[in-house]
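Participant: Here you go, coords-v9.csv (CSV, C-alpha atoms):
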chain,number,residue,atom,x,y,z
Q,1,MET,CA,149.5,93.5,119.4
Q,2,ALA,CA,150.3,89.9,118.5
Q,3,THR,CA,147.3,88.1,116.9
Q,4,GLN,CA,146.4,84.9,115.1
Q,5,GLU,CA,143.5,85.0,112.7
Q,6,ILE,CA,141.3,82.5,110.8
Q,7,SER,CA,138.6,83.9,108.5
Q,8,ASP,CA,136.7,83.0,105.3
Q,9,GLY,CA,134.6,86.1,104.5
Q,10,SER,CA,131.5,85.2,106.5
Q,11,TYR,CA,133.3,84.9,109.8
Q,12,SER,CA,136.5,85.7,111.6
Q,13,ALA,CA,138.2,84.2,114.7
Q,14,ILE,CA,141.0,86.4,116.1
Q,15,ARG,CA,143.2,85.5,119.1
Q,16,ASN,CA,144.9,88.4,120.8
Q,17,LYS,CA,147.9,86.7,122.3
Q,18,ASP,CA,148.5,89.6,124.8
Q,19,THR,CA,145.1,89.2,126.5
Q,20,ASN,CA,144.5,85.6,125.5
Q,21,GLU,CA,141.0,86.7,124.2
Q,22,VAL,CA,139.5,85.1,121.1
Q,23,THR,CA,136.9,87.2,119.2
Q,24,ILE,CA,134.6,85.3,116.9
Q,25,ARG,CA,132.4,87.4,114.6
Q,26,GLY,CA,130.0,87.1,111.7
Q,27,THR,CA,128.1,83.9,110.7
Q,28,LEU,CA,129.6,80.6,111.6
Q,29,ARG,CA,127.9,77.7,109.9
Q,30,LEU,CA,130.6,75.2,108.9
Q,31,ASN,CA,130.0,71.6,108.0
Q,32,GLY,CA,130.8,69.3,111.0
Q,33,THR,CA,133.7,68.7,113.4
Q,34,ALA,CA,136.3,68.6,110.6
Q,35,GLU,CA,135.6,72.1,109.3
Q,36,TYR,CA,135.7,73.5,112.9
Q,37,ALA,CA,139.1,71.9,113.6
Q,38,PRO,CA,141.2,75.0,112.7
Q,39,ILE,CA,139.2,77.2,115.1
Q,40,MET,CA,139.4,74.5,117.8
Q,41,ALA,CA,143.2,74.4,117.3
Q,42,LEU,CA,143.3,78.2,117.9
Q,43,LEU,CA,141.2,77.9,121.1
Q,44,GLU,CA,143.3,75.0,122.3
Q,45,GLU,CA,146.4,77.1,121.8
Q,46,ALA,CA,144.8,79.8,123.9
Q,47,LEU,CA,143.9,77.2,126.6
Q,48,SER,CA,147.5,76.1,126.8
Q,49,ALA,CA,148.5,79.7,127.4
Q,50,GLY,CA,146.2,80.2,130.4
Q,51,MET,CA,142.8,81.7,131.2
Q,52,VAL,CA,140.7,82.1,128.0
Q,53,THR,CA,138.0,84.6,127.1
Q,54,VAL,CA,135.9,84.0,124.0
Q,55,ASP,CA,134.1,87.1,122.8
Q,56,LEU,CA,131.0,86.1,120.8
Q,57,ARG,CA,129.2,89.4,121.0
Q,58,GLY,CA,129.6,90.0,117.2
Q,59,LEU,CA,128.6,86.4,116.3
Q,60,GLN,CA,125.2,86.7,114.7
Q,61,PHE,CA,124.6,83.1,113.7
Q,62,LEU,CA,126.0,79.7,114.8
Q,63,ASN,CA,124.8,76.3,113.5
Q,64,SER,CA,124.3,73.3,115.7
Q,65,SER,CA,127.7,71.9,114.7
Q,66,GLY,CA,129.1,75.2,116.0
Q,67,ILE,CA,127.2,74.8,119.3
Q,68,ALA,CA,128.6,71.3,119.6
Q,69,PHE,CA,132.1,72.7,118.9
Q,70,LEU,CA,131.8,75.3,121.7
Q,71,MET,CA,130.5,72.5,124.0
Q,72,ARG,CA,133.5,70.3,123.2
Q,73,PHE,CA,135.8,73.1,123.9
Q,74,ALA,CA,134.1,73.8,127.3
Q,75,VAL,CA,134.5,70.1,128.1
Q,76,LYS,CA,138.3,70.3,127.2
Q,77,VAL,CA,138.7,73.3,129.5
Q,78,ARG,CA,137.1,71.3,132.3
Q,79,GLU,CA,139.3,68.3,131.7
Q,80,ALA,CA,142.4,70.6,131.6
Q,81,LYS,CA,141.2,72.3,134.8
Q,82,GLY,CA,141.4,75.5,132.9
Q,83,SER,CA,139.3,78.7,133.0
Q,84,LEU,CA,136.9,79.9,130.3
Q,85,ARG,CA,134.8,83.0,130.1
Q,86,LEU,CA,132.2,83.4,127.3
Q,87,ARG,CA,131.0,86.9,126.5
Q,88,GLY,CA,127.7,87.1,124.7
Q,89,SER,CA,125.2,89.8,123.7
Q,90,LYS,CA,121.7,90.2,125.2
Q,91,LYS,CA,120.7,91.7,121.8
Q,92,ILE,CA,121.2,88.4,119.9
Q,93,PRO,CA,118.4,86.1,121.1
Q,94,TRP,CA,120.2,82.7,120.6
Q,95,HIS,CA,123.1,83.8,122.9
Q,96,SER,CA,121.1,83.7,126.1
Q,97,LYS,CA,119.7,80.3,125.2
Q,98,SER,CA,122.7,78.4,123.8
Q,99,LEU,CA,125.3,79.9,126.2
Q,100,GLN,CA,123.2,79.1,129.2
Q,101,ASN,CA,122.6,75.6,127.9
Q,102,LEU,CA,126.4,75.3,127.7
Q,103,GLN,CA,126.8,76.5,131.2
Q,104,ARG,CA,124.2,73.9,132.3
Q,105,ILE,CA,126.3,71.1,130.8
Q,106,VAL,CA,129.6,72.5,131.9
Q,107,PRO,CA,128.9,74.6,135.1
Q,108,GLU,CA,132.6,75.4,135.6
Q,109,ILE,CA,132.6,78.0,132.8
Q,110,ARG,CA,131.6,81.6,133.2
Q,111,VAL,CA,129.0,83.2,130.9
Q,112,ASP,CA,128.6,87.0,130.7
Q,113,LEU,CA,125.7,88.4,128.7
Q,114,GLU,CA,126.3,92.1,128.0
V,1,MET,CA,93.1,73.3,111.1
V,2,ILE,CA,96.4,71.4,110.5
V,3,ALA,CA,96.2,67.7,110.6
V,4,THR,CA,98.8,65.8,112.6
V,5,THR,CA,99.7,62.1,112.9
V,6,ALA,CA,101.2,60.3,115.9
V,7,ASP,CA,103.7,57.4,115.6
V,8,LYS,CA,102.6,54.9,113.0
V,9,GLN,CA,104.4,51.8,111.7
V,10,GLY,CA,104.1,51.1,107.9
V,11,SER,CA,101.7,48.5,106.6
V,12,ASP,CA,100.8,47.0,103.1
V,13,MET,CA,98.0,49.5,102.8
V,14,ASP,CA,100.1,52.5,103.8
V,15,PRO,CA,103.8,51.8,103.9
V,16,ALA,CA,104.7,55.2,105.4
V,17,ARG,CA,106.2,55.2,108.9
V,18,THR,CA,105.6,58.4,111.0
V,19,TYR,CA,107.2,59.5,114.2
V,20,GLY,CA,106.6,62.3,116.7
V,21,ASP,CA,104.0,65.0,116.1
V,22,PHE,CA,104.0,64.8,112.3
V,23,THR,CA,102.2,67.6,110.5
V,24,GLU,CA,100.3,66.0,107.5
V,25,SER,CA,99.7,69.0,105.3
V,26,VAL,CA,98.9,72.7,105.2
V,27,PRO,CA,96.4,74.1,102.7
V,28,LEU,CA,98.2,75.7,99.8
V,29,GLU,CA,96.3,79.0,100.2
V,30,ILE,CA,98.2,79.6,103.5
V,31,GLU,CA,100.8,82.3,103.2
V,32,GLY,CA,104.2,80.7,102.8
V,33,LEU,CA,107.5,80.3,101.0
V,34,THR,CA,109.0,77.2,99.4
V,35,ILE,CA,112.6,76.8,98.2
V,36,VAL,CA,113.5,73.8,96.1
V,37,PHE,CA,117.0,72.5,95.4
V,38,SER,CA,117.9,70.0,92.8
V,39,PRO,CA,121.4,68.8,93.6
V,40,THR,CA,123.3,67.3,90.7
V,41,SER,CA,127.0,67.7,90.0
V,42,VAL,CA,127.8,70.5,92.4
V,43,SER,CA,129.7,69.2,95.5
V,44,LEU,CA,128.3,69.5,99.0
V,45,LYS,CA,131.2,71.7,99.9
V,46,GLU,CA,130.4,74.2,97.1
V,47,ARG,CA,126.7,74.2,98.0
V,48,TRP,CA,127.2,74.5,101.7
V,49,LYS,CA,127.3,78.4,101.8
V,50,ASN,CA,124.0,78.5,100.0
V,51,ASN,CA,122.3,76.8,103.0
V,52,SER,CA,122.9,79.8,105.1
V,53,LEU,CA,121.9,82.2,102.3
V,54,SER,CA,118.6,80.4,101.8
V,55,ALA,CA,117.8,80.2,105.6
V,56,ASP,CA,118.5,83.9,106.0
V,57,PHE,CA,116.3,84.7,103.0
V,58,MET,CA,113.4,82.8,104.6
V,59,ALA,CA,114.0,84.7,107.8
V,60,ASP,CA,114.0,88.1,106.1
V,61,TYR,CA,111.0,87.2,104.0
V,62,PHE,CA,109.0,86.2,106.9
V,63,ALA,CA,110.1,89.1,109.1
V,64,THR,CA,108.4,91.5,106.6
V,65,PHE,CA,105.0,89.9,107.4
V,66,TYR,CA,105.8,89.5,111.1
V,67,ALA,CA,106.7,93.2,111.4
V,68,LEU,CA,103.3,94.1,110.1
V,69,HIS,CA,101.1,91.6,111.8
V,70,GLY,CA,103.0,90.0,114.7
V,71,SER,CA,103.7,91.2,118.2
V,72,ASP,CA,105.5,94.5,118.7
V,73,GLU,CA,107.0,93.4,122.0
V,74,GLU,CA,110.6,94.6,122.1
V,75,GLY,CA,113.1,92.1,120.8
V,76,ARG,CA,110.3,89.7,119.5
V,77,LEU,CA,111.1,90.4,115.8
V,78,GLU,CA,114.8,89.6,116.3
V,79,TYR,CA,113.8,86.4,118.2
V,80,VAL,CA,111.5,85.2,115.4
V,81,LYS,CA,114.0,86.0,112.7
V,82,GLY,CA,116.7,84.2,114.6
V,83,ALA,CA,114.4,81.2,115.1
V,84,VAL,CA,113.5,81.0,111.4
V,85,SER,CA,117.0,81.3,110.3
V,86,PHE,CA,118.3,78.6,112.7
V,87,VAL,CA,115.5,76.1,112.0
V,88,ALA,CA,115.6,76.6,108.3
V,89,ASN,CA,119.4,76.3,108.2
V,90,GLU,CA,119.4,73.1,110.3
V,91,LEU,CA,116.7,71.5,108.2
V,92,ILE,CA,118.5,72.4,104.9
V,93,GLU,CA,121.9,71.2,106.3
V,94,ASN,CA,120.3,67.9,107.4
V,95,ALA,CA,118.6,67.4,104.1
V,96,MET,CA,121.9,68.1,102.2
V,97,LYS,CA,123.9,65.7,104.5
V,98,PHE,CA,121.4,62.8,104.4
V,99,THR,CA,120.5,63.0,100.7
V,100,ASP,CA,122.5,60.2,99.1
V,101,VAL,CA,120.4,59.5,96.0
V,102,GLU,CA,119.7,61.4,92.8
V,103,GLY,CA,116.4,62.3,91.3
V,104,ILE,CA,114.5,63.6,94.3
V,105,PRO,CA,114.8,67.3,94.9
V,106,ILE,CA,115.3,68.8,98.4
V,107,SER,CA,112.6,71.2,99.4
V,108,ILE,CA,111.8,73.4,102.4
V,109,ARG,CA,108.5,75.2,102.9
V,110,LEU,CA,107.6,77.6,105.7
V,111,THR,CA,104.0,78.6,106.3
V,112,MET,CA,102.7,81.2,108.6
V,113,HIS,CA,99.8,80.7,110.9
V,114,GLU,CA,98.1,82.4,113.8
V,115,GLY,CA,100.5,81.8,116.7
V,116,GLU,CA,102.9,79.4,115.0
V,117,LEU,CA,105.2,78.7,112.1
V,118,VAL,CA,105.3,75.4,110.3
V,119,PHE,CA,108.3,74.1,108.4
V,120,PHE,CA,108.2,71.1,106.0
V,121,ALA,CA,111.5,69.7,104.7
V,122,THR,CA,111.7,66.9,102.2
V,123,ASN,CA,114.6,65.0,100.7
V,124,GLY,CA,115.4,61.6,99.2
V,125,ALA,CA,117.6,59.0,100.8
V,126,SER,CA,118.8,55.4,100.1
V,127,LEU,CA,117.4,52.6,102.2
V,128,GLU,CA,120.7,52.3,104.0
V,129,GLY,CA,121.2,56.1,104.5
V,130,SER,CA,117.7,56.6,105.9
V,131,GLN,CA,118.2,53.8,108.5
V,132,MET,CA,120.8,55.9,110.3
V,133,TYR,CA,118.4,58.9,110.4
V,134,GLU,CA,115.5,56.8,111.4
V,135,SER,CA,117.4,55.4,114.4
V,136,ALA,CA,118.5,58.9,115.4
V,137,VAL,CA,114.9,60.0,115.3
V,138,ARG,CA,113.8,57.0,117.5
V,139,ARG,CA,116.6,57.8,120.0
V,140,LEU,CA,115.6,61.5,120.1
V,141,LEU,CA,112.0,60.6,120.8
V,142,ASN,CA,112.9,58.4,123.8
V,143,ALA,CA,115.7,60.5,125.2
V,144,ASP,CA,115.7,63.2,127.9
V,145,PRO,CA,116.8,66.2,125.9
V,146,TRP,CA,119.4,67.3,128.5
V,147,ALA,CA,120.9,63.9,129.0
V,148,GLU,CA,121.2,63.7,125.2
V,149,TYR,CA,122.9,67.2,125.2
V,150,GLU,CA,125.4,65.9,127.7
V,151,ARG,CA,126.0,62.8,125.6
V,152,ARG,CA,126.5,64.8,122.4
V,153,ALA,CA,128.9,67.1,124.2
V,154,GLN,CA,131.2,64.1,125.0
V,155,ALA,CA,130.9,62.5,121.5
V,156,ASN,CA,133.5,63.2,118.9
V,157,ASP,CA,132.1,61.3,115.9
V,158,GLY,CA,132.1,64.2,113.3
V,159,THR,CA,128.4,65.0,113.6
V,160,SER,CA,126.7,67.1,116.2
V,161,GLY,CA,123.1,65.8,116.4
V,162,LEU,CA,122.3,69.0,118.2
V,163,GLY,CA,120.1,70.7,115.6
V,164,LEU,CA,116.9,68.9,116.3
V,165,LEU,CA,117.7,68.9,120.1
V,166,SER,CA,118.2,72.7,120.1
V,167,MET,CA,114.8,73.1,118.3
V,168,LEU,CA,113.2,71.2,121.2
V,169,THR,CA,115.1,72.9,124.1
V,170,ASP,CA,115.5,76.5,122.7
V,171,TYR,CA,112.4,77.0,120.6
V,172,SER,CA,109.8,74.7,122.1
V,173,ALA,CA,109.4,72.9,118.8
V,174,ARG,CA,107.0,70.1,117.9
V,175,LEU,CA,108.8,67.7,115.6
V,176,GLY,CA,107.5,65.0,113.3
V,177,TRP,CA,109.0,62.7,110.6
V,178,ARG,CA,107.7,60.5,107.8
V,179,PHE,CA,109.7,57.8,106.0
V,180,MET,CA,107.8,57.0,102.8
V,181,PRO,CA,109.1,54.3,100.4
V,182,HIS,CA,109.6,56.0,96.9
V,183,ASP,CA,110.7,52.9,95.0
V,184,ASP,CA,112.7,49.7,95.9
V,185,LYS,CA,115.9,51.7,96.5
V,186,ARG,CA,114.8,55.1,97.7
V,187,LEU,CA,112.8,56.8,100.4
V,188,LEU,CA,111.2,60.2,100.7
V,189,LEU,CA,111.9,61.7,104.1
V,190,THR,CA,109.7,64.5,105.4
V,191,THR,CA,110.6,66.4,108.6
V,192,THR,CA,108.0,68.8,110.1
V,193,VAL,CA,108.7,71.5,112.7
V,194,ARG,CA,106.2,73.7,114.4
V,195,ILE,CA,107.4,76.6,116.4
V,196,PRO,CA,105.1,78.7,118.6
V,197,LEU,CA,105.3,82.4,118.1
For the file at hand, write its structure as structure tokens.
Facilitator:
Amino acid sequence: MATQEISDGSYSAIRNKDTNEVTIRGTLRLNGTAEYAPIMALLEEALSAGMVTVDLRGLQFLNSSGIAFLMRFAVKVREAKGSLRLRGSKKIPWHSKSLQNLQRIVPEIRVDLE
Amino acid sequence: MIATTADKQGSDMDPARTYGDFTESVPLEIEGLTIVFSPTSVSLKERWKNNSLSADFMADYFATFYALHGSDEEGRLEYVKGAVSFVANELIENAMKFTDVEGIPISIRLTMHEGELVFFATNGASLEGSQMYESAVRRLLNADPWAEYERRAQANDGTSGLGLLSMLTDYSARLGWRFMPHDDKRLLLTTTVRIPL
């Protein structure tokens, strides 16, 4: 399985190149757009390869800079006329709120809460 | 009873400017937790991870009481823990980002009340630094939250501005601010957040 990974101990972002699925886990509270840039680059690479799924079911916490980062990626997907599916967990309360907010702003994306 | 103040411009008698639904004070005998940071030589980058640790500590600390006295509805405890952790982390991050003067500690206090949580966050800022924050507060008060969300999604200016907005849209928060002159170069900023339980 070919993968790309970014991690720092509190979070990991792993792209499975075979399925083009990016799994983000842990606690993601980086400082502003600049610190989110490496993960954005990983997602953009996935976008250029085709349909993207981002699995957030193991992401316990995300700060507002992280919500903004996901929103910017969703806007990029819309601009590129691409396809994005976000997978969240019903057991993590912020997932239903933030992911549905995201869908309200960018209705083209698909959000599945499992 | 917790006293609140609506928008108020500063005057010679009382130079403090308040915005939103500002919470004046909470009696000290109310159950609560205060964390104080005194940033000196440690860089923001090195301190950043501690924001998250402190926010999670507040959430775990409060969850102990909520588990005993709060609602036992399924998933409610997880919701409350998530809300405390998110709000505390955003308030600490904002205080760390906007503090550009020395000598005024950053503090965050969370108090627990019947049916709601009240957060107080304070930090110091230069006159120049606080102007940017004060105009962001004014814009937030006059904006439609969803239009503002959309605007922030398109922006790419290095800041998100979504922390306070998310408190409004996701946690039905009541927000308030006070800008109090500290001396001729510094201000004391207080942000208050009330979250219904």
Participant: With all atoms listed in the file as the counted atoms, please give the residues lying no more than 12 Å from segment 77-81 of chain Q, apart from itself and same-chain residues fewer than 5 positions off, as an mmCIF file with C-alpha atoms, in the coordinates of the input.
Facilitator:
data_model
loop_
_atom_site.group_PDB
_atom_site.id
_atom_site.type_symbol
_atom_site.label_atom_id
_atom_site.label_comp_id
_atom_site.auth_asym_id
_atom_site.auth_seq_id
_atom_site.Cartn_x
_atom_site.Cartn_y
_atom_site.Cartn_z
ATOM 1 C CA MET Q 40 139.400 74.500 117.800
ATOM 2 C CA LEU Q 43 141.200 77.900 121.100
ATOM 3 C CA GLU Q 44 143.300 75.000 122.300
ATOM 4 C CA GLU Q 45 146.400 77.100 121.800
ATOM 5 C CA ALA Q 46 144.800 79.800 123.900
ATOM 6 C CA LEU Q 47 143.900 77.200 126.600
ATOM 7 C CA SER Q 48 147.500 76.100 126.800
ATOM 8 C CA ALA Q 49 148.500 79.700 127.400
ATOM 9 C CA GLY Q 50 146.200 80.200 130.400
ATOM 10 C CA MET Q 51 142.800 81.700 131.200
ATOM 11 C CA VAL Q 52 140.700 82.100 128.000
ATOM 12 C CA THR Q 53 138.000 84.600 127.100
ATOM 13 C CA LEU Q 70 131.800 75.300 121.700
ATOM 14 C CA MET Q 71 130.500 72.500 124.000
ATOM 15 C CA ARG Q 72 133.500 70.300 123.200
ATOM 16 C CA GLN Q 103 126.800 76.500 131.200
ATOM 17 C CA ILE Q 105 126.300 71.100 130.800
ATOM 18 C CA VAL Q 106 129.600 72.500 131.900
ATOM 19 C CA PRO Q 107 128.900 74.600 135.100
ATOM 20 C CA GLU Q 108 132.600 75.400 135.600
ATOM 21 C CA ILE Q 109 132.600 78.000 132.800
ATOM 22 C CA ARG Q 110 131.600 81.600 133.200
ATOM 23 C CA GLN V 154 131.200 64.100 125.000
#
Participant: When you look at Arg76 of chain V with a cut-off of 12 Å (counting all atoms listed in the file), what residues show up, excluding the ones that are within fewer than 2 positions of it in the same chain? I need them as a ChimeraX atom specification.
Facilitator: /Q:91-93 /V:63,66-67,70-74,78-83,197
Participant: Contacts from chain Q to chain V, 12 Å maximum, all atoms listed in the file: show me the residue list as an NGL selection string.
Facilitator: :Q and (8-11 or 27-37 or 60-76 or 78-79 or 90-107)
Participant: Taking C-alpha atoms for each residue, export the selection above as an mmCIF file, in the coordinates of the input.
Facilitator:
data_model
loop_
_atom_site.group_PDB
_atom_site.id
_atom_site.type_symbol
_atom_site.label_atom_id
_atom_site.label_comp_id
_atom_site.auth_asym_id
_atom_site.auth_seq_id
_atom_site.Cartn_x
_atom_site.Cartn_y
_atom_site.Cartn_z
ATOM 1 C CA ASP Q 8 136.700 83.000 105.300
ATOM 2 C CA GLY Q 9 134.600 86.100 104.500
ATOM 3 C CA SER Q 10 131.500 85.200 106.500
ATOM 4 C CA TYR Q 11 133.300 84.900 109.800
ATOM 5 C CA THR Q 27 128.100 83.900 110.700
ATOM 6 C CA LEU Q 28 129.600 80.600 111.600
ATOM 7 C CA ARG Q 29 127.900 77.700 109.900
ATOM 8 C CA LEU Q 30 130.600 75.200 108.900
ATOM 9 C CA ASN Q 31 130.000 71.600 108.000
ATOM 10 C CA GLY Q 32 130.800 69.300 111.000
ATOM 11 C CA THR Q 33 133.700 68.700 113.400
ATOM 12 C CA ALA Q 34 136.300 68.600 110.600
ATOM 13 C CA GLU Q 35 135.600 72.100 109.300
ATOM 14 C CA TYR Q 36 135.700 73.500 112.900
ATOM 15 C CA ALA Q 37 139.100 71.900 113.600
ATOM 16 C CA GLN Q 60 125.200 86.700 114.700
ATOM 17 C CA PHE Q 61 124.600 83.100 113.700
ATOM 18 C CA LEU Q 62 126.000 79.700 114.800
ATOM 19 C CA ASN Q 63 124.800 76.300 113.500
ATOM 20 C CA SER Q 64 124.300 73.300 115.700
ATOM 21 C CA SER Q 65 127.700 71.900 114.700
ATOM 22 C CA GLY Q 66 129.100 75.200 116.000
ATOM 23 C CA ILE Q 67 127.200 74.800 119.300
ATOM 24 C CA ALA Q 68 128.600 71.300 119.600
ATOM 25 C CA PHE Q 69 132.100 72.700 118.900
ATOM 26 C CA LEU Q 70 131.800 75.300 121.700
ATOM 27 C CA MET Q 71 130.500 72.500 124.000
ATOM 28 C CA ARG Q 72 133.500 70.300 123.200
ATOM 29 C CA PHE Q 73 135.800 73.100 123.900
ATOM 30 C CA ALA Q 74 134.100 73.800 127.300
ATOM 31 C CA VAL Q 75 134.500 70.100 128.100
ATOM 32 C CA LYS Q 76 138.300 70.300 127.200
ATOM 33 C CA ARG Q 78 137.100 71.300 132.300
ATOM 34 C CA GLU Q 79 139.300 68.300 131.700
ATOM 35 C CA LYS Q 90 121.700 90.200 125.200
ATOM 36 C CA LYS Q 91 120.700 91.700 121.800
ATOM 37 C CA ILE Q 92 121.200 88.400 119.900
ATOM 38 C CA PRO Q 93 118.400 86.100 121.100
ATOM 39 C CA TRP Q 94 120.200 82.700 120.600
ATOM 40 C CA HIS Q 95 123.100 83.800 122.900
ATOM 41 C CA SER Q 96 121.100 83.700 126.100
ATOM 42 C CA LYS Q 97 119.700 80.300 125.200
ATOM 43 C CA SER Q 98 122.700 78.400 123.800
ATOM 44 C CA LEU Q 99 125.300 79.900 126.200
ATOM 45 C CA GLN Q 100 123.200 79.100 129.200
ATOM 46 C CA ASN Q 101 122.600 75.600 127.900
ATOM 47 C CA LEU Q 102 126.400 75.300 127.700
ATOM 48 C CA GLN Q 103 126.800 76.500 131.200
ATOM 49 C CA ARG Q 104 124.200 73.900 132.300
ATOM 50 C CA ILE Q 105 126.300 71.100 130.800
ATOM 51 C CA VAL Q 106 129.600 72.500 131.900
ATOM 52 C CA PRO Q 107 128.900 74.600 135.100
#
Participant: Within 7 Å of Ser126 of chain V, counting all atoms listed in the file, which residues show up once you throw out same-chain ones fewer than 6 positions away? Write them as a PyMOL selection string, please.
Facilitator: chain V and resi 100-101+185-187
Participant: For Arg17 of chain V, which residue among V:Ala59, V:Val193, V:Met180, V:Leu127 is the nearest when counting all atoms listed in the file?
Facilitator: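 Looking only at the distances to Arg17 of chain V, the closest residue turns out to be V:Met180.
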Participant: Ranking V:Leu53, V:Ile92, V:Gly115, V:Ile35 by minimum distance to His69 of chain V and counting all atoms listed in the file, which one comes first?
Facilitator: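 Result for the nearest residue to His69 of chain V: V:Gly115.
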